[in-house]
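Coordinates from my_file18.txt are shown below (compact mmCIF, C-alpha atoms).
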# COMPACT_ATOMS: atom_id res chain seq x y z
CA LEU A 3 162.54 23.95 49.32
CA ALA A 4 159.50 21.82 50.08
CA LYS A 5 156.60 22.56 47.76
CA THR A 6 153.17 22.68 49.35
CA THR A 7 149.79 21.81 47.90
CA GLN A 8 146.50 22.91 49.44
CA PRO A 9 142.92 23.02 48.21
CA ILE A 10 142.11 26.25 46.40
CA SER A 11 138.85 26.78 48.24
CA MET A 12 136.57 25.30 50.90
CA ASP A 13 133.08 26.06 52.13
CA SER A 14 131.68 25.50 55.61
CA TYR A 15 128.87 26.60 57.88
CA GLU A 16 128.94 28.32 61.21
CA GLY A 17 129.56 25.99 64.12
CA GLN A 18 131.25 23.28 62.07
CA GLU A 19 134.82 22.08 62.42
CA VAL A 20 136.99 22.81 59.39
CA ASN A 21 140.06 20.81 58.46
CA ILE A 22 142.44 22.13 55.80
CA THR A 23 145.10 19.71 54.64
CA CYS A 24 148.44 20.70 53.19
CA SER A 25 150.65 18.25 51.33
CA HIS A 26 154.41 18.65 51.50
CA ASN A 27 155.89 15.42 50.19
CA ASN A 28 159.43 16.77 49.96
CA ILE A 29 159.63 18.15 53.48
CA ALA A 30 163.15 18.08 54.86
CA THR A 31 164.24 16.91 58.27
CA ASN A 32 164.76 20.44 59.60
CA ASP A 33 161.61 21.96 58.10
CA TYR A 34 158.83 23.39 60.24
CA ILE A 35 155.20 23.78 59.18
CA THR A 36 153.57 27.15 59.69
CA TRP A 37 150.09 28.46 58.94
CA TYR A 38 149.08 32.06 58.35
CA GLN A 39 145.59 33.55 58.00
CA GLN A 40 144.71 36.51 55.81
CA PHE A 41 141.44 38.41 56.06
CA PRO A 42 140.25 40.49 53.11
CA SER A 43 142.15 43.77 52.80
CA GLN A 44 144.60 42.85 55.57
CA GLY A 45 148.08 41.43 55.83
CA PRO A 46 148.60 37.78 56.80
CA ARG A 47 148.61 36.84 60.48
CA PHE A 48 150.45 33.93 62.10
CA ILE A 49 148.12 31.21 63.38
CA ILE A 50 150.14 28.18 64.40
CA GLN A 51 153.38 26.34 63.86
CA GLY A 52 154.57 22.78 64.46
CA TYR A 53 157.24 20.22 63.73
CA LYS A 54 155.56 16.91 64.53
CA THR A 55 152.50 15.36 66.21
CA LYS A 56 149.95 17.86 67.47
CA VAL A 57 150.06 21.51 68.42
CA THR A 58 147.11 23.42 69.84
CA ASN A 59 146.60 27.06 70.71
CA GLU A 60 143.62 29.29 71.37
CA VAL A 61 142.89 29.64 67.65
CA ALA A 62 143.54 26.26 66.02
CA SER A 63 145.12 22.84 66.16
CA LEU A 64 147.78 21.50 63.84
CA PHE A 65 148.05 17.76 63.23
CA ILE A 66 151.22 16.35 61.69
CA PRO A 67 151.51 12.61 61.02
CA ALA A 68 154.69 10.68 61.70
CA ASP A 69 155.92 10.84 58.09
CA ARG A 70 155.35 14.66 58.06
CA LYS A 71 154.40 14.59 54.37
CA SER A 72 151.18 16.41 55.13
CA SER A 73 149.63 18.49 57.87
CA THR A 74 146.09 19.46 58.79
CA LEU A 75 144.96 22.76 60.21
CA SER A 76 141.83 22.30 62.28
CA LEU A 77 139.53 25.21 63.13
CA PRO A 78 136.94 24.25 65.74
CA ARG A 79 133.40 25.63 65.49
CA VAL A 80 134.04 28.22 62.82
CA SER A 81 132.17 31.50 62.67
CA LEU A 82 131.61 33.97 59.85
CA SER A 83 134.71 35.84 60.99
CA ASP A 84 136.88 32.85 60.09
CA THR A 85 136.26 33.55 56.40
CA ALA A 86 139.78 34.14 55.14
CA VAL A 87 142.64 32.71 53.09
CA TYR A 88 144.83 30.20 54.92
CA TYR A 89 148.44 29.66 53.88
CA CYS A 90 150.60 26.65 54.64
CA LEU A 91 154.33 27.32 54.67
CA VAL A 92 157.13 24.83 55.03
CA GLY A 93 160.71 25.83 55.63
CA VAL A 94 163.71 25.62 57.79
CA SER A 95 164.64 27.67 60.78
CA GLY A 96 167.50 29.97 59.88
CA GLY A 97 166.92 29.56 56.16
CA TYR A 98 165.50 32.91 55.27
CA ASN A 99 164.49 32.52 51.65
CA LYS A 100 162.21 29.65 52.48
CA LEU A 101 159.24 31.81 53.48
CA ILE A 102 157.09 31.48 50.36
CA PHE A 103 153.35 32.01 50.34
CA GLY A 104 151.46 29.99 47.74
CA ALA A 105 147.92 30.81 46.67
CA GLY A 106 146.50 29.45 49.93
CA THR A 107 143.06 28.01 50.68
CA ARG A 108 140.12 30.37 50.50
CA LEU A 109 137.68 29.40 53.27
CA ALA A 110 134.14 30.71 53.07
CA VAL A 111 131.96 30.27 56.16
CA HIS A 112 128.22 30.54 55.56
CA PRO A 113 125.42 31.31 58.04
CA ASN B 16 151.90 49.79 70.28
CA ALA B 17 150.86 50.19 66.64
CA GLY B 18 152.80 47.21 65.25
CA VAL B 19 153.61 47.72 61.56
CA THR B 20 152.26 50.83 59.87
CA GLN B 21 152.30 51.69 56.17
CA THR B 22 151.64 54.86 54.24
CA PRO B 23 149.86 55.63 52.06
CA LYS B 24 146.88 53.24 52.15
CA PHE B 25 145.97 53.92 48.53
CA GLN B 26 147.85 55.44 45.60
CA VAL B 27 147.19 55.94 41.90
CA LEU B 28 150.15 56.68 39.65
CA LYS B 29 150.60 57.26 35.97
CA THR B 30 153.11 55.17 34.05
CA GLY B 31 156.61 56.57 34.55
CA GLN B 32 155.90 58.36 37.80
CA SER B 33 157.89 57.59 40.90
CA MET B 34 156.85 57.16 44.51
CA THR B 35 158.04 55.82 47.84
CA LEU B 36 156.04 53.52 50.10
CA GLN B 37 156.80 54.01 53.78
CA CYS B 38 156.85 51.35 56.47
CA ALA B 39 157.59 51.61 60.18
CA GLN B 40 157.48 49.13 63.06
CA ASP B 41 157.56 49.81 66.79
CA MET B 42 158.32 46.28 68.00
CA ASN B 43 162.11 46.68 68.01
CA HIS B 44 162.39 44.00 65.32
CA ASN B 45 165.65 43.51 63.47
CA SER B 46 164.32 42.22 60.16
CA MET B 47 161.90 43.83 57.73
CA TYR B 48 160.36 42.79 54.43
CA TRP B 49 158.44 44.07 51.42
CA TYR B 50 155.96 41.81 49.60
CA ARG B 51 153.54 42.30 46.75
CA GLN B 52 150.25 40.48 46.33
CA ASP B 53 148.48 40.35 42.99
CA PRO B 54 144.75 39.49 42.82
CA GLY B 55 144.04 35.89 43.81
CA MET B 56 147.71 35.18 44.37
CA GLY B 57 149.94 34.57 47.34
CA LEU B 58 152.59 37.03 48.50
CA ARG B 59 155.88 37.40 46.68
CA LEU B 60 158.95 38.80 48.38
CA ILE B 61 160.45 41.91 46.78
CA TYR B 62 163.27 42.87 49.16
CA TYR B 63 164.19 42.21 52.74
CA SER B 64 166.50 43.66 55.36
CA ALA B 65 168.07 41.32 57.86
CA SER B 66 169.15 44.16 60.11
CA GLU B 67 169.72 47.89 60.07
CA GLY B 68 172.16 48.77 57.30
CA THR B 69 171.62 45.67 55.16
CA THR B 70 169.21 44.90 52.33
CA ASP B 71 168.88 41.94 49.95
CA LYS B 72 166.83 41.01 46.92
CA GLY B 73 163.92 38.67 47.21
CA GLU B 74 161.97 36.85 44.53
CA VAL B 75 160.80 39.83 42.41
CA PRO B 76 163.14 42.83 42.94
CA ASN B 77 163.18 44.28 39.42
CA GLY B 78 161.77 47.80 39.22
CA TYR B 79 162.13 48.48 42.94
CA ASN B 80 164.67 49.90 45.36
CA VAL B 81 164.65 49.89 49.14
CA SER B 82 166.20 51.82 51.98
CA ARG B 83 166.52 50.68 55.57
CA LEU B 84 166.53 54.17 57.05
CA ASN B 85 167.00 53.00 60.64
CA LYS B 86 165.87 50.07 62.75
CA ARG B 87 162.24 51.19 62.63
CA GLU B 88 161.79 52.22 59.02
CA PHE B 89 162.05 50.41 55.70
CA SER B 90 160.94 52.18 52.51
CA LEU B 91 160.19 50.84 49.04
CA ARG B 92 160.71 53.05 45.99
CA LEU B 93 159.32 52.70 42.50
CA GLU B 94 161.53 54.85 40.25
CA SER B 95 159.42 54.57 37.09
CA ALA B 96 156.09 52.91 37.74
CA ALA B 97 154.65 50.45 35.23
CA PRO B 98 151.13 48.97 34.98
CA SER B 99 152.63 45.56 35.90
CA GLN B 100 153.39 47.02 39.33
CA THR B 101 149.72 47.45 40.11
CA SER B 102 149.35 45.39 43.27
CA VAL B 103 148.87 45.44 47.01
CA TYR B 104 152.14 45.97 48.85
CA PHE B 105 152.71 44.61 52.33
CA CYS B 106 155.49 45.42 54.71
CA ALA B 107 156.37 42.95 57.47
CA SER B 108 158.84 42.65 60.31
CA SER B 109 160.22 39.90 62.52
CA VAL B 110 162.57 39.65 65.45
CA SER B 111 165.24 38.12 63.27
CA LEU B 112 165.87 36.43 59.96
CA ALA B 113 165.20 32.95 61.28
CA GLY B 114 163.15 31.69 58.38
CA VAL B 115 159.80 30.12 58.80
CA THR B 116 160.03 29.78 62.56
CA ASP B 117 160.32 33.51 63.14
CA THR B 118 156.82 34.97 63.05
CA GLN B 119 156.36 37.83 60.63
CA TYR B 120 154.02 40.68 61.53
CA PHE B 121 152.37 42.38 58.60
CA GLY B 122 151.16 45.90 58.00
CA PRO B 123 147.72 46.75 56.56
CA GLY B 124 149.01 47.11 53.01
CA THR B 125 149.16 49.81 50.32
CA ARG B 126 146.91 49.44 47.28
CA LEU B 127 148.78 50.81 44.27
CA THR B 128 147.28 51.30 40.84
CA VAL B 129 149.47 52.30 37.90
CA LEU B 130 147.58 53.63 34.90
What does this structure look like when you write it as structure tokens?
Amino acid sequence: LAKTTQPISMDSYEGQEVNITCSHNNIATNDYITWYQQFPSQGPRFIIQGYKTKVTNEVASLFIPADRKSSTLSLPRVSLSDTAVYYCLVGVSGGYNKLIFGAGTRLAVHP
Amino acid sequence: NAGVTQTPKFQVLKTGQSMTLQCAQDMNHNSMYWYRQDPGMGLRLIYYSASEGTTDKGEVPNGYNVSRLNKREFSLRLESAAPSQTSVYFCASSVSLAGVTDTQYFGPGTRLTVL
């Protein structure tokens, strides 16, 4: 199981781009990288998932370098409503027990 | 389409009391999960059910039992509550047990306090 390391907390201001990096040095060949978002008093919500290079959807972009030992979640032009905890998960498709949420990164967006 | 629903939203128990947390999903998902989240921590898996009729232990199963009543419903029971079980409990579901690539959909959570 690939262990992940993310910053405990980050601060930003409205309108800025936020990049949250996750380290996963022991990522295996079949592992995917997935990010979830959790607002206060709510359950986590899937944001984005990727295997290599770049993935973009309506919420965020995920950048994965060639060695896949890290990944960066990019949130463009954040607003106050992006204040949440962001979790990076690494695991293999079909390997159920691999879905482990660490402490995540607590993002605070200020006016 | 309500997604994943949980009842109750809040509960206070005394040590030794029992209770059942209810979870239901209307997305026709095969797999369901129970997690707990302690303050400032990530989620830890208690039990999961790959499909109707099957259940398996997760990371922290001690002190809990589960029942997969049918495809829609998955309940979590505390037989004799302890203060260490004070936490927020989340139920989740996914199409299948495909690991990290199968998106899990979470309910709103149940805040449980054991005195």
Expected answer as an mmCIF file with C-alpha atoms, in the coordinates of the input: chain B residues within 8 Å of chain A, only C-alpha atoms:
data_model
loop_
_atom_site.group_PDB
_atom_site.id
_atom_site.type_symbol
_atom_site.label_atom_id
_atom_site.label_comp_id
_atom_site.auth_asym_id
_atom_site.auth_seq_id
_atom_site.Cartn_x
_atom_site.Cartn_y
_atom_site.Cartn_z
ATOM 1 C CA GLY B 55 144.040 35.890 43.810
ATOM 2 C CA MET B 56 147.710 35.180 44.370
ATOM 3 C CA GLY B 57 149.940 34.570 47.340
ATOM 4 C CA LEU B 58 152.590 37.030 48.500
ATOM 5 C CA ARG B 59 155.880 37.400 46.680
ATOM 6 C CA LEU B 60 158.950 38.800 48.380
ATOM 7 C CA GLY B 73 163.920 38.670 47.210
ATOM 8 C CA PHE B 105 152.710 44.610 52.330
ATOM 9 C CA LEU B 112 165.870 36.430 59.960
ATOM 10 C CA ALA B 113 165.200 32.950 61.280
ATOM 11 C CA GLY B 114 163.150 31.690 58.380
ATOM 12 C CA VAL B 115 159.800 30.120 58.800
ATOM 13 C CA THR B 116 160.030 29.780 62.560
ATOM 14 C CA ASP B 117 160.320 33.510 63.140
ATOM 15 C CA THR B 118 156.820 34.970 63.050
ATOM 16 C CA GLN B 119 156.360 37.830 60.630
ATOM 17 C CA TYR B 120 154.020 40.680 61.530
ATOM 18 C CA PHE B 121 152.370 42.380 58.600
ATOM 19 C CA GLY B 122 151.160 45.900 58.000
ATOM 20 C CA PRO B 123 147.720 46.750 56.560
ATOM 21 C CA GLY B 124 149.010 47.110 53.010
#
Quick one, how far is CA of Leu82 (chain A) from CA of Lys56 (chain A)? 25.6 Å
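Minimum distance to Thr6 (chain A) across A:Ala86, A:Asp69, A:Thr107, A:Ser63 (counting all atoms listed in the file) occurs at A:Thr107.
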Return the padded bounding box of region 7-25 of chain A as lines of an AutoDock Vina configuration file: axis-aligned, built from all atoms listed in the file, 3 Å added on each side, with centre and edge lengths in Å to one decimal.
center_x = 139.8
center_y = 23.3
center_z = 55.3
size_x = 27.8
size_y = 16.1
size_z = 23.7
Within 10 Å of (144.5, 26.8, 67.7) (file coordinates; only C-alpha atoms), which protein or nucleic acid residues are there? I'd like them as a VMD selection string. chain A and resid 49 to 51 57 to 64 75 to 78
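CA of Ser109 (chain B) sits 9.2 Å away from CA of Ala65 (chain B).
Shortest atom-to-atom contact with Leu93 (chain B) among B:Ser108, B:Ser33, B:Gln52, B:Gln40: B:Ser33, counting all atoms listed in the file.
The smallest atom-to-atom distance between Asn27 (chain A) and any of A:Gln39, A:Ser72, A:Ser14, A:Gln8, using all atoms listed in the file, is found for A:Ser72.
With CA of Thr55 (chain A) on one side and CA of Asn28 (chain A) on the other, the separation reads 17.7 Å.
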Contacts of region 43-47 of chain B at 9 Å (all atoms listed in the file; same-chain gap of 4+ positions) as an MDAnalysis selection string: chainID B and resid 62:67 83 86:89 106:112 119
Write out as a VMD selection string the residues lying within 6 Å of region 99-103 of chain B, counting only C-alpha atoms and excluding same-chain residues fewer than 5 positions away. chain B and resid 51 to 53 125 to 129
